[in-house]
There are 2 protein chains.
Amino acid sequence: MTSTHFAPRGSRDDIEEGHTFQPRFDSDGLIVCITCEVHTGDILMVAYMNAESLRLTLETGIAHYWSRSRQSLWRKGDTSGQTQRVVEMRVDCDQDALQIRVEAGGDGKACHTGRRSCFYRRVEFAGAVASLVIDPD
Amino acid sequence: MTSTHFAPRGSRDDIEEGHTFQPRFDSDGLIVCITCEVHTGDILMVAYMNAESLRLTLETGIAHYWSRSRQSLWRKGDTSGQTQRVVEMRVDCDQDALQIRVEAGGDGKACHTGRRSCFYRRVEFAGAVASLVIDPD
């Protein structure tokens, strides 16, 4: 099987207007990925991919990430059953952020706290104090 | 005027289930922020905030970021007129990612390439090759 390679970074015009995928990995070898639920568009989670997890995501159509806390490749759903089937991937203008739209498997809960989305709290701000309000969906 | 301070990081339970805002800034002092259009929910851009830009965003209700390329505080719209009024801010489970929903000012274009969203390209994958398709909205 031919392994997927990513193109080196080209000119600014190439990066912004071109048709070549030239993802920029940061100094830790990671690129940020925003994962959205395909039907609602809601953001489920934010995670990181290294070149290997991005390659595996593209090749298998199943979301793979790099766990920064565990420092290991992480196929979402391997233990929880909450596999994410990638319906669409997008990249931003300077190719240093990805967005994927996924069909969430299992019980559809993306967050390890047992919630559908990791963004379950609103930040409220009053009188120089920011506090959090849990907003169940 | 009392300046906004952010709480130090507490226990895991505190961070995940508590009501205290304890944003985690990375080793560069930054936290990732996903900016969505309030009416459509579409992701407009991904950017970073340092403590000062987060504080200014909360205090003024106008999105402020930290420009990594220019290494400077950046009030979105100062030169373009595309100011972003923050309608809601959310934080994720481990408090290392923010989501803001904004009302986009000016012509509503968030991307410096003149597009509404920075995510104007889809990644297509076939035969071990990933290529980009521009998808005007």
# chains A, B, ... in the order shown; residues from 1 in each chain; ligands from 1
call {"tool": "select_by_dssp", "arguments": {"residues": "segment 10-40 of chain B", "states": "helix (DSSP H, G or I)", "output": "list in words"}}
result
Arg12, Asp13, Asp14, Ile15, Glu16 and Glu17 of chain B
call {"tool": "closest_atom_pairs", "arguments": {"of": "chain A", "to": "chain B", "cutoff": "6 Å", "atoms": "only C-alpha atoms", "output": "JSON lines"}}
result
{"residue": "A:Thr4", "atom": "CA", "partner": "B:Ala128", "partner_atom": "CA", "distance": 4.9}
{"residue": "A:His19", "atom": "CA", "partner": "B:Leu132", "partner_atom": "CA", "distance": 4.4}
{"residue": "A:Thr20", "atom": "CA", "partner": "B:Ser131", "partner_atom": "CA", "distance": 5.1}
{"residue": "A:Phe21", "atom": "CA", "partner": "B:Ser131", "partner_atom": "CA", "distance": 5.3}
{"residue": "A:Met89", "atom": "CA", "partner": "B:Val123", "partner_atom": "CA", "distance": 5.4}
{"residue": "A:Arg90", "atom": "CA", "partner": "B:Arg122", "partner_atom": "CA", "distance": 4.3}
{"residue": "A:Val91", "atom": "CA", "partner": "B:Phe119", "partner_atom": "CA", "distance": 5.5}
{"residue": "A:Asp92", "atom": "CA", "partner": "B:Phe119", "partner_atom": "CA", "distance": 4.3}
{"residue": "A:Cys93", "atom": "CA", "partner": "B:Cys118", "partner_atom": "CA", "distance": 5.2}
{"residue": "A:Cys118", "atom": "CA", "partner": "B:Asp92", "partner_atom": "CA", "distance": 4.9}
{"residue": "A:Phe119", "atom": "CA", "partner": "B:Asp92", "partner_atom": "CA", "distance": 4.3}
{"residue": "A:Arg121", "atom": "CA", "partner": "B:Arg90", "partner_atom": "CA", "distance": 5.6}
{"residue": "A:Arg122", "atom": "CA", "partner": "B:Arg90", "partner_atom": "CA", "distance": 4.3}
{"residue": "A:Val123", "atom": "CA", "partner": "B:Met89", "partner_atom": "CA", "distance": 5.4}
{"residue": "A:Ala128", "atom": "CA", "partner": "B:Thr4", "partner_atom": "CA", "distance": 4.9}
{"residue": "A:Ser131", "atom": "CA", "partner": "B:Thr20", "partner_atom": "CA", "distance": 5.1}
{"residue": "A:Leu132", "atom": "CA", "partner": "B:His19", "partner_atom": "CA", "distance": 4.4}
call {"tool": "write_last_selection", "arguments": {"atoms": "N, CA and C atoms", "output": "compact mmCIF listing (two decimals), in the first residue's frame"}}
result
# COMPACT_ATOMS: atom_id res chain seq x y z
N THR A 4 0.44 7.74 2.31
CA THR A 4 0.13 9.13 1.98
C THR A 4 1.21 10.06 2.52
N HIS A 19 -4.31 24.14 -4.87
CA HIS A 19 -5.08 22.91 -4.72
C HIS A 19 -4.25 21.79 -4.09
N THR A 20 -3.07 22.14 -3.62
CA THR A 20 -2.22 21.14 -2.98
C THR A 20 -2.37 21.23 -1.46
N PHE A 21 -2.59 20.10 -0.87
CA PHE A 21 -2.74 20.04 0.58
C PHE A 21 -1.35 20.09 1.20
N MET A 89 -13.69 16.91 5.23
CA MET A 89 -12.58 17.60 5.88
C MET A 89 -12.36 18.93 5.17
N ARG A 90 -12.10 19.97 5.95
CA ARG A 90 -11.76 21.28 5.38
C ARG A 90 -10.45 21.76 5.99
N VAL A 91 -9.82 22.68 5.31
CA VAL A 91 -8.57 23.27 5.82
C VAL A 91 -8.70 24.78 5.70
N ASP A 92 -8.04 25.50 6.59
CA ASP A 92 -8.20 26.96 6.56
C ASP A 92 -7.17 27.62 5.63
N CYS A 93 -7.27 28.93 5.52
CA CYS A 93 -6.50 29.69 4.54
C CYS A 93 -5.00 29.41 4.61
N CYS A 118 -17.88 18.76 23.99
CA CYS A 118 -16.98 19.24 25.06
C CYS A 118 -17.30 20.68 25.48
N PHE A 119 -18.05 21.39 24.64
CA PHE A 119 -18.30 22.81 24.93
C PHE A 119 -19.63 22.99 25.66
N ARG A 121 -20.14 24.43 28.61
CA ARG A 121 -20.21 25.55 29.55
C ARG A 121 -20.04 26.90 28.85
N ARG A 122 -20.89 27.82 29.25
CA ARG A 122 -20.79 29.19 28.79
C ARG A 122 -19.94 29.97 29.78
N VAL A 123 -19.17 30.91 29.26
CA VAL A 123 -18.40 31.82 30.10
C VAL A 123 -19.25 33.08 30.30
N ALA A 128 -15.78 42.23 36.23
CA ALA A 128 -14.38 41.77 36.19
C ALA A 128 -14.21 40.32 36.62
N SER A 131 -17.25 33.60 35.13
CA SER A 131 -17.65 32.33 35.74
C SER A 131 -18.31 31.45 34.69
N LEU A 132 -18.47 30.19 35.01
CA LEU A 132 -18.96 29.23 34.03
C LEU A 132 -20.36 28.76 34.39
call {"tool": "calpha_fit_and_write", "arguments": {"fixed": "chain A", "moving": "chain B", "output": "tab-separated table (two decimals) with C-alpha atoms, in the first residue's frame"}}
result
chain	number	residue	atom	x	y	z
B	1	MET	CA	0.06	0.01	-0.02
B	2	THR	CA	1.35	3.45	-0.94
B	3	SER	CA	1.56	5.65	2.09
B	4	THR	CA	0.13	9.14	1.99
B	5	HIS	CA	2.65	11.95	2.09
B	6	PHE	CA	1.89	15.60	2.53
B	7	ALA	CA	3.40	18.22	0.27
B	8	PRO	CA	6.03	20.60	1.66
B	9	ARG	CA	4.91	24.18	2.18
B	10	GLY	CA	4.95	26.29	-0.97
B	11	SER	CA	4.56	30.01	-1.57
B	12	ARG	CA	1.90	32.00	0.23
B	13	ASP	CA	-0.26	32.03	-2.90
B	14	ASP	CA	0.19	28.29	-3.22
B	15	ILE	CA	-0.84	27.77	0.38
B	16	GLU	CA	-3.86	30.08	0.26
B	17	GLU	CA	-5.22	29.62	-3.24
B	18	GLY	CA	-3.66	26.39	-4.46
B	19	HIS	CA	-5.07	22.90	-4.71
B	20	THR	CA	-2.22	21.13	-2.98
B	21	PHE	CA	-2.75	20.03	0.59
B	22	GLN	CA	0.22	21.41	2.56
B	23	PRO	CA	-0.78	21.11	6.20
B	24	ARG	CA	1.41	23.03	8.61
B	25	PHE	CA	2.34	21.04	11.68
B	26	ASP	CA	3.57	23.09	14.62
B	27	SER	CA	6.86	22.66	16.46
B	28	ASP	CA	5.37	19.62	18.24
B	29	GLY	CA	4.36	18.13	14.89
B	30	LEU	CA	0.66	18.80	15.47
B	31	ILE	CA	-2.20	20.52	13.69
B	32	VAL	CA	-5.40	21.56	15.45
B	33	CYS	CA	-8.64	19.91	14.34
B	34	ILE	CA	-12.17	21.09	15.07
B	35	THR	CA	-14.67	18.27	14.96
B	36	CYS	CA	-18.29	19.09	14.15
B	37	GLU	CA	-21.40	16.96	14.10
B	38	VAL	CA	-22.38	16.67	10.45
B	39	HIS	CA	-26.14	17.16	10.81
B	40	THR	CA	-26.25	20.01	13.33
B	41	GLY	CA	-22.87	21.61	12.58
B	42	ASP	CA	-22.29	21.80	16.36
B	43	ILE	CA	-18.70	21.70	17.52
B	44	LEU	CA	-18.16	18.46	19.38
B	45	MET	CA	-14.50	18.76	20.33
B	46	VAL	CA	-11.13	20.25	19.52
B	47	ALA	CA	-8.20	17.89	19.23
B	48	TYR	CA	-4.83	17.57	17.53
B	49	MET	CA	-3.48	15.39	14.74
B	50	ASN	CA	0.08	14.55	13.88
B	51	ALA	CA	1.02	13.49	10.34
B	52	GLU	CA	0.31	9.86	11.09
B	53	SER	CA	-3.14	10.44	12.56
B	54	LEU	CA	-4.04	12.77	9.69
B	55	ARG	CA	-2.87	10.16	7.19
B	56	LEU	CA	-4.88	7.44	8.93
B	57	THR	CA	-7.94	9.68	9.08
B	58	LEU	CA	-7.75	10.27	5.33
B	59	GLU	CA	-7.01	6.65	4.48
B	60	THR	CA	-9.66	5.05	6.69
B	61	GLY	CA	-12.33	7.77	6.85
B	62	ILE	CA	-12.36	7.34	10.64
B	63	ALA	CA	-11.10	10.16	12.88
B	64	HIS	CA	-7.67	9.54	14.41
B	65	TYR	CA	-6.02	12.05	16.71
B	66	TRP	CA	-2.85	12.47	18.69
B	67	SER	CA	-3.43	12.50	22.41
B	68	ARG	CA	-1.20	15.17	23.92
B	69	SER	CA	-1.85	13.96	27.47
B	70	ARG	CA	-1.09	10.32	26.69
B	71	GLN	CA	1.42	11.11	23.91
B	72	SER	CA	-0.05	8.42	21.69
B	73	LEU	CA	-2.06	7.83	18.57
B	74	TRP	CA	-5.73	7.73	19.41
B	75	ARG	CA	-8.48	6.35	17.25
B	76	LYS	CA	-11.52	7.99	18.76
B	77	GLY	CA	-14.02	5.35	19.87
B	78	ASP	CA	-11.62	2.45	20.29
B	79	THR	CA	-12.57	2.10	23.94
B	80	SER	CA	-15.85	4.06	24.05
B	81	GLY	CA	-17.44	2.90	20.78
B	82	GLN	CA	-17.91	6.56	19.85
B	83	THR	CA	-16.19	6.20	16.50
B	84	GLN	CA	-16.33	9.24	14.22
B	85	ARG	CA	-16.91	8.67	10.51
B	86	VAL	CA	-15.52	11.62	8.59
B	87	VAL	CA	-17.97	12.99	6.06
B	88	GLU	CA	-15.94	16.05	5.09
B	89	MET	CA	-12.57	17.60	5.89
B	90	ARG	CA	-11.75	21.27	5.39
B	91	VAL	CA	-8.58	23.27	5.82
B	92	ASP	CA	-8.20	26.96	6.56
B	93	CYS	CA	-6.49	29.69	4.54
B	94	ASP	CA	-2.97	29.21	5.88
B	95	GLN	CA	-3.44	25.46	6.25
B	96	ASP	CA	-2.68	25.30	9.94
B	97	ALA	CA	-6.15	24.25	11.11
B	98	LEU	CA	-8.51	21.48	10.04
B	99	GLN	CA	-12.23	21.09	10.38
B	100	ILE	CA	-13.91	17.71	10.08
B	101	ARG	CA	-17.62	16.98	9.93
B	102	VAL	CA	-18.37	13.60	11.41
B	103	GLU	CA	-21.13	11.11	11.89
B	104	ALA	CA	-20.79	10.21	15.56
B	105	GLY	CA	-21.06	6.50	16.33
B	106	GLY	CA	-22.02	4.73	19.56
B	107	ASP	CA	-24.16	6.90	21.80
B	108	GLY	CA	-22.94	10.00	19.94
B	109	LYS	CA	-21.15	11.44	22.97
B	110	ALA	CA	-17.84	12.97	21.99
B	111	CYS	CA	-16.78	14.23	25.41
B	112	HIS	CA	-15.11	12.01	27.99
B	113	THR	CA	-17.35	13.59	30.65
B	114	GLY	CA	-20.30	11.80	29.02
B	115	ARG	CA	-21.66	14.79	27.16
B	116	ARG	CA	-22.34	15.11	23.45
B	117	SER	CA	-20.01	18.09	23.08
B	118	CYS	CA	-16.98	19.25	25.06
B	119	PHE	CA	-18.30	22.82	24.93
B	120	TYR	CA	-21.01	22.39	27.57
B	121	ARG	CA	-20.21	25.55	29.55
B	122	ARG	CA	-20.78	29.18	28.79
B	123	VAL	CA	-18.41	31.83	30.12
B	124	GLU	CA	-20.38	34.56	31.86
B	125	PHE	CA	-18.66	37.82	32.57
B	126	ALA	CA	-19.74	40.45	35.09
B	127	GLY	CA	-17.83	42.93	37.23
B	128	ALA	CA	-14.37	41.77	36.20
B	129	VAL	CA	-15.21	38.17	37.11
B	130	ALA	CA	-15.68	35.36	34.61
B	131	SER	CA	-17.64	32.33	35.74
B	132	LEU	CA	-18.96	29.22	34.03
B	133	VAL	CA	-22.54	28.11	33.55
B	134	ILE	CA	-23.24	24.52	32.58
B	135	ASP	CA	-25.57	24.50	29.64
B	136	PRO	CA	-26.85	20.98	28.99
B	137	ASP	CA	-27.92	20.51	25.40
call {"tool": "select_by_dssp", "arguments": {"residues": "chain A", "states": "strand (DSSP E or B)", "output": "JSON, numbers by chain"}}
result
{"A": [20, 31, 32, 33, 34, 35, 36, 37, 43, 44, 45, 46, 47, 48, 49, 62, 64, 65, 66, 67, 72, 73, 74, 75, 84, 85, 86, 87, 88, 89, 90, 91, 97, 98, 99, 100, 101, 102, 103, 104, 121, 122, 123, 124, 125, 126, 129, 130, 131, 132, 133, 134]}
call {"tool": "write_last_selection", "arguments": {"atoms": "N, CA and C atoms", "output": "short mmCIF file (atom, residue, chain, number, x, y, z; two decimals), in the first residue's frame"}}
result
data_model
loop_
_atom_site.label_atom_id
_atom_site.label_comp_id
_atom_site.auth_asym_id
_atom_site.auth_seq_id
_atom_site.Cartn_x
_atom_site.Cartn_y
_atom_site.Cartn_z
N THR A 20 -3.07 22.14 -3.62
CA THR A 20 -2.22 21.14 -2.98
C THR A 20 -2.37 21.23 -1.46
N ILE A 31 -1.30 19.54 14.30
CA ILE A 31 -2.21 20.51 13.69
C ILE A 31 -3.54 20.40 14.43
N VAL A 32 -4.15 21.56 14.70
CA VAL A 32 -5.41 21.55 15.45
C VAL A 32 -6.55 21.13 14.53
N CYS A 33 -7.49 20.39 15.09
CA CYS A 33 -8.64 19.90 14.32
C CYS A 33 -9.92 20.17 15.11
N ILE A 34 -10.86 20.83 14.46
CA ILE A 34 -12.18 21.09 15.06
C ILE A 34 -13.15 20.07 14.49
N THR A 35 -13.78 19.35 15.38
CA THR A 35 -14.67 18.27 14.96
C THR A 35 -16.12 18.67 15.18
N CYS A 36 -16.87 18.67 14.09
CA CYS A 36 -18.28 19.09 14.15
C CYS A 36 -19.19 17.92 13.82
N GLU A 37 -20.38 17.95 14.39
CA GLU A 37 -21.40 16.96 14.10
C GLU A 37 -21.99 17.32 12.74
N ILE A 43 -20.06 22.11 17.21
CA ILE A 43 -18.70 21.70 17.51
C ILE A 43 -18.75 20.66 18.63
N LEU A 44 -18.20 19.50 18.38
CA LEU A 44 -18.16 18.44 19.39
C LEU A 44 -16.91 18.54 20.25
N MET A 45 -15.77 18.79 19.61
CA MET A 45 -14.50 18.75 20.32
C MET A 45 -13.42 19.46 19.50
N VAL A 46 -12.33 19.75 20.18
CA VAL A 46 -11.13 20.25 19.52
C VAL A 46 -10.02 19.30 19.91
N ALA A 47 -9.28 18.81 18.94
CA ALA A 47 -8.20 17.88 19.24
C ALA A 47 -7.06 18.15 18.26
N TYR A 48 -6.02 17.34 18.36
CA TYR A 48 -4.84 17.56 17.53
C TYR A 48 -4.52 16.30 16.73
N MET A 49 -3.95 16.51 15.57
CA MET A 49 -3.49 15.39 14.74
C MET A 49 -2.01 15.59 14.45
N ILE A 62 -12.00 7.36 9.20
CA ILE A 62 -12.36 7.35 10.63
C ILE A 62 -11.39 8.30 11.36
N HIS A 64 -8.81 9.90 13.56
CA HIS A 64 -7.68 9.54 14.41
C HIS A 64 -7.05 10.85 14.91
N TYR A 65 -6.66 10.86 16.15
CA TYR A 65 -6.02 12.04 16.72
C TYR A 65 -4.70 11.65 17.37
N TRP A 66 -4.02 12.70 17.86
CA TRP A 66 -2.84 12.47 18.68
C TRP A 66 -3.19 12.97 20.08
N SER A 67 -3.12 12.10 21.05
CA SER A 67 -3.42 12.51 22.41
C SER A 67 -2.19 13.17 23.02
N SER A 72 0.14 9.63 22.51
CA SER A 72 -0.04 8.43 21.69
C SER A 72 -1.13 8.64 20.65
N LEU A 73 -1.03 7.84 19.61
CA LEU A 73 -2.05 7.83 18.57
C LEU A 73 -3.35 7.38 19.20
N TRP A 74 -4.44 7.96 18.74
CA TRP A 74 -5.71 7.74 19.41
C TRP A 74 -6.80 7.68 18.36
N ARG A 75 -7.32 6.46 18.14
CA ARG A 75 -8.48 6.35 17.25
C ARG A 75 -9.71 6.53 18.11
N GLN A 84 -15.86 8.09 15.03
CA GLN A 84 -16.32 9.22 14.22
C GLN A 84 -16.03 8.97 12.75
N ARG A 85 -17.08 8.85 11.96
CA ARG A 85 -16.91 8.67 10.52
C ARG A 85 -16.82 10.06 9.87
N VAL A 86 -15.74 10.30 9.15
CA VAL A 86 -15.51 11.63 8.59
C VAL A 86 -16.28 11.78 7.27
N VAL A 87 -17.18 12.74 7.24
CA VAL A 87 -17.97 13.00 6.05
C VAL A 87 -17.28 14.05 5.19
N GLU A 88 -16.63 14.99 5.83
CA GLU A 88 -15.95 16.05 5.09
C GLU A 88 -14.79 16.58 5.92
N MET A 89 -13.69 16.91 5.23
CA MET A 89 -12.58 17.60 5.88
C MET A 89 -12.36 18.93 5.17
N ARG A 90 -12.10 19.97 5.95
CA ARG A 90 -11.76 21.28 5.38
C ARG A 90 -10.45 21.76 5.99
N VAL A 91 -9.82 22.68 5.31
CA VAL A 91 -8.57 23.27 5.82
C VAL A 91 -8.70 24.78 5.70
N ALA A 97 -5.02 24.72 10.32
CA ALA A 97 -6.16 24.25 11.11
C ALA A 97 -7.06 23.43 10.21
N LEU A 98 -7.59 22.35 10.77
CA LEU A 98 -8.51 21.47 10.04
C LEU A 98 -9.88 21.53 10.68
N GLN A 99 -10.88 21.27 9.86
CA GLN A 99 -12.23 21.09 10.38
C GLN A 99 -12.75 19.78 9.79
N ILE A 100 -13.27 18.90 10.62
CA ILE A 100 -13.92 17.71 10.07
C ILE A 100 -15.37 17.69 10.52
N ARG A 101 -16.20 17.20 9.62
CA ARG A 101 -17.61 16.99 9.94
C ARG A 101 -17.79 15.49 10.04
N VAL A 102 -18.32 15.05 11.16
CA VAL A 102 -18.37 13.61 11.41
C VAL A 102 -19.78 13.13 11.74
N GLU A 103 -19.96 11.86 11.47
CA GLU A 103 -21.13 11.11 11.89
C GLU A 103 -20.66 10.39 13.16
N ALA A 104 -21.26 10.76 14.29
CA ALA A 104 -20.79 10.21 15.57
C ALA A 104 -21.42 8.86 15.84
N ARG A 121 -20.14 24.43 28.61
CA ARG A 121 -20.21 25.55 29.55
C ARG A 121 -20.04 26.90 28.85
N ARG A 122 -20.89 27.82 29.25
CA ARG A 122 -20.79 29.19 28.79
C ARG A 122 -19.94 29.97 29.78
N VAL A 123 -19.17 30.91 29.26
CA VAL A 123 -18.40 31.82 30.10
C VAL A 123 -19.25 33.08 30.30
N GLU A 124 -19.60 33.35 31.55
CA GLU A 124 -20.37 34.56 31.86
C GLU A 124 -19.42 35.57 32.47
N PHE A 125 -19.59 36.80 32.10
CA PHE A 125 -18.65 37.82 32.57
C PHE A 125 -19.42 38.99 33.19
N ALA A 126 -19.10 39.31 34.41
CA ALA A 126 -19.74 40.46 35.08
C ALA A 126 -18.81 40.97 36.15
N VAL A 129 -15.33 39.58 36.73
CA VAL A 129 -15.23 38.17 37.10
C VAL A 129 -15.88 37.31 36.02
N ALA A 130 -15.14 36.31 35.57
CA ALA A 130 -15.68 35.36 34.60
C ALA A 130 -16.05 34.08 35.33
N SER A 131 -17.25 33.60 35.13
CA SER A 131 -17.65 32.33 35.74
C SER A 131 -18.31 31.45 34.69
N LEU A 132 -18.47 30.19 35.01
CA LEU A 132 -18.96 29.23 34.03
C LEU A 132 -20.36 28.76 34.39
N VAL A 133 -21.18 28.61 33.37
CA VAL A 133 -22.54 28.12 33.55
C VAL A 133 -22.67 26.86 32.70
N ILE A 134 -23.07 25.78 33.33
CA ILE A 134 -23.24 24.53 32.58
C ILE A 134 -24.55 24.60 31.82
#
call {"tool": "decode", "arguments": {"residues": "segment 6-93 of chain B", "atoms": "C-alpha atoms", "output": "mmCIF file, in the first residue's frame"}}
result
data_model
loop_
_atom_site.group_PDB
_atom_site.id
_atom_site.type_symbol
_atom_site.label_atom_id
_atom_site.label_comp_id
_atom_site.auth_asym_id
_atom_site.auth_seq_id
_atom_site.Cartn_x
_atom_site.Cartn_y
_atom_site.Cartn_z
ATOM 1 C CA PHE B 6 -8.025 34.288 35.608
ATOM 2 C CA ALA B 7 -8.060 31.656 38.318
ATOM 3 C CA PRO B 8 -5.134 29.240 38.622
ATOM 4 C CA ARG B 9 -5.816 25.671 37.544
ATOM 5 C CA GLY B 10 -7.565 23.573 40.174
ATOM 6 C CA SER B 11 -8.272 19.858 40.447
ATOM 7 C CA ARG B 12 -9.499 17.897 37.467
ATOM 8 C CA ASP B 13 -13.038 17.899 38.868
ATOM 9 C CA ASP B 14 -12.797 21.641 39.393
ATOM 10 C CA ILE B 15 -11.647 22.160 35.833
ATOM 11 C CA GLU B 16 -14.248 19.891 34.248
ATOM 12 C CA GLU B 17 -17.323 20.380 36.396
ATOM 13 C CA GLY B 18 -16.659 23.591 38.298
ATOM 14 C CA HIS B 19 -17.934 27.097 37.733
ATOM 15 C CA THR B 20 -14.572 28.829 37.887
ATOM 16 C CA PHE B 21 -13.019 29.924 34.632
ATOM 17 C CA GLN B 22 -9.478 28.493 34.637
ATOM 18 C CA PRO B 23 -8.275 28.796 31.056
ATOM 19 C CA ARG B 24 -5.143 26.837 30.256
ATOM 20 C CA PHE B 25 -2.641 28.802 28.236
ATOM 21 C CA ASP B 26 -0.002 26.734 26.465
ATOM 22 C CA SER B 27 3.759 27.112 26.773
ATOM 23 C CA ASP B 28 3.551 30.159 24.473
ATOM 24 C CA GLY B 29 0.868 31.680 26.701
ATOM 25 C CA LEU B 30 -1.895 31.049 24.156
ATOM 26 C CA ILE B 31 -5.286 29.372 24.040
ATOM 27 C CA VAL B 32 -6.982 28.366 20.792
ATOM 28 C CA CYS B 33 -10.271 30.066 19.928
ATOM 29 C CA ILE B 34 -12.811 28.927 17.356
ATOM 30 C CA THR B 35 -14.913 31.775 16.065
ATOM 31 C CA CYS B 36 -18.391 31.006 14.722
ATOM 32 C CA GLU B 37 -20.969 33.171 13.039
ATOM 33 C CA VAL B 38 -23.815 33.494 15.533
ATOM 34 C CA HIS B 39 -26.743 33.042 13.144
ATOM 35 C CA THR B 40 -25.467 30.192 10.973
ATOM 36 C CA GLY B 41 -23.096 28.548 13.467
ATOM 37 C CA ASP B 42 -20.515 28.339 10.655
ATOM 38 C CA ILE B 43 -16.887 28.385 11.686
ATOM 39 C CA LEU B 44 -15.361 31.615 10.447
ATOM 40 C CA MET B 45 -11.798 31.259 11.686
ATOM 41 C CA VAL B 46 -9.467 29.733 14.230
ATOM 42 C CA ALA B 47 -7.155 32.063 16.109
ATOM 43 C CA TYR B 48 -5.299 32.345 19.402
ATOM 44 C CA MET B 49 -5.702 34.516 22.472
ATOM 45 C CA ASN B 50 -3.208 35.316 25.180
ATOM 46 C CA ALA B 51 -4.383 36.374 28.649
ATOM 47 C CA GLU B 52 -4.509 40.012 27.642
ATOM 48 C CA SER B 53 -6.569 39.475 24.497
ATOM 49 C CA LEU B 54 -8.940 37.159 26.379
ATOM 50 C CA ARG B 55 -9.324 39.763 29.115
ATOM 51 C CA LEU B 56 -9.998 42.510 26.556
ATOM 52 C CA THR B 57 -12.486 40.299 24.722
ATOM 53 C CA LEU B 58 -14.420 39.725 27.941
ATOM 54 C CA GLU B 59 -14.230 43.338 29.078
ATOM 55 C CA THR B 60 -15.188 44.963 25.776
ATOM 56 C CA GLY B 61 -17.350 42.278 24.150
ATOM 57 C CA ILE B 62 -15.257 42.688 20.979
ATOM 58 C CA ALA B 63 -13.002 39.845 19.810
ATOM 59 C CA HIS B 64 -9.298 40.420 20.446
ATOM 60 C CA TYR B 65 -6.677 37.883 19.442
ATOM 61 C CA TRP B 66 -2.944 37.411 19.559
ATOM 62 C CA SER B 67 -1.358 37.382 16.139
ATOM 63 C CA ARG B 68 1.298 34.674 16.120
ATOM 64 C CA SER B 69 2.750 35.877 12.808
ATOM 65 C CA ARG B 70 2.988 39.516 13.895
ATOM 66 C CA GLN B 71 3.518 38.704 17.597
ATOM 67 C CA SER B 72 1.102 41.414 18.631
ATOM 68 C CA LEU B 73 -2.298 42.045 20.114
ATOM 69 C CA TRP B 74 -4.874 42.190 17.372
ATOM 70 C CA ARG B 75 -8.354 43.608 17.644
ATOM 71 C CA LYS B 76 -10.057 41.999 14.692
ATOM 72 C CA GLY B 77 -11.485 44.664 12.394
ATOM 73 C CA ASP B 78 -9.221 47.533 13.390
ATOM 74 C CA THR B 79 -7.978 47.883 9.831
ATOM 75 C CA SER B 80 -10.670 45.967 7.903
ATOM 76 C CA GLY B 81 -13.792 47.160 9.747
ATOM 77 C CA GLN B 82 -14.746 43.507 10.238
ATOM 78 C CA THR B 83 -15.170 43.862 13.988
ATOM 79 C CA GLN B 84 -16.593 40.829 15.794
ATOM 80 C CA ARG B 85 -19.136 41.425 18.551
ATOM 81 C CA VAL B 86 -19.078 38.464 20.915
ATOM 82 C CA VAL B 87 -22.540 37.129 21.646
ATOM 83 C CA GLU B 88 -21.430 34.053 23.572
ATOM 84 C CA MET B 89 -18.205 32.457 24.773
ATOM 85 C CA ARG B 90 -17.846 28.777 25.632
ATOM 86 C CA VAL B 91 -14.994 26.738 27.028
ATOM 87 C CA ASP B 92 -14.315 23.034 26.611
ATOM 88 C CA CYS B 93 -14.050 20.297 29.229
#
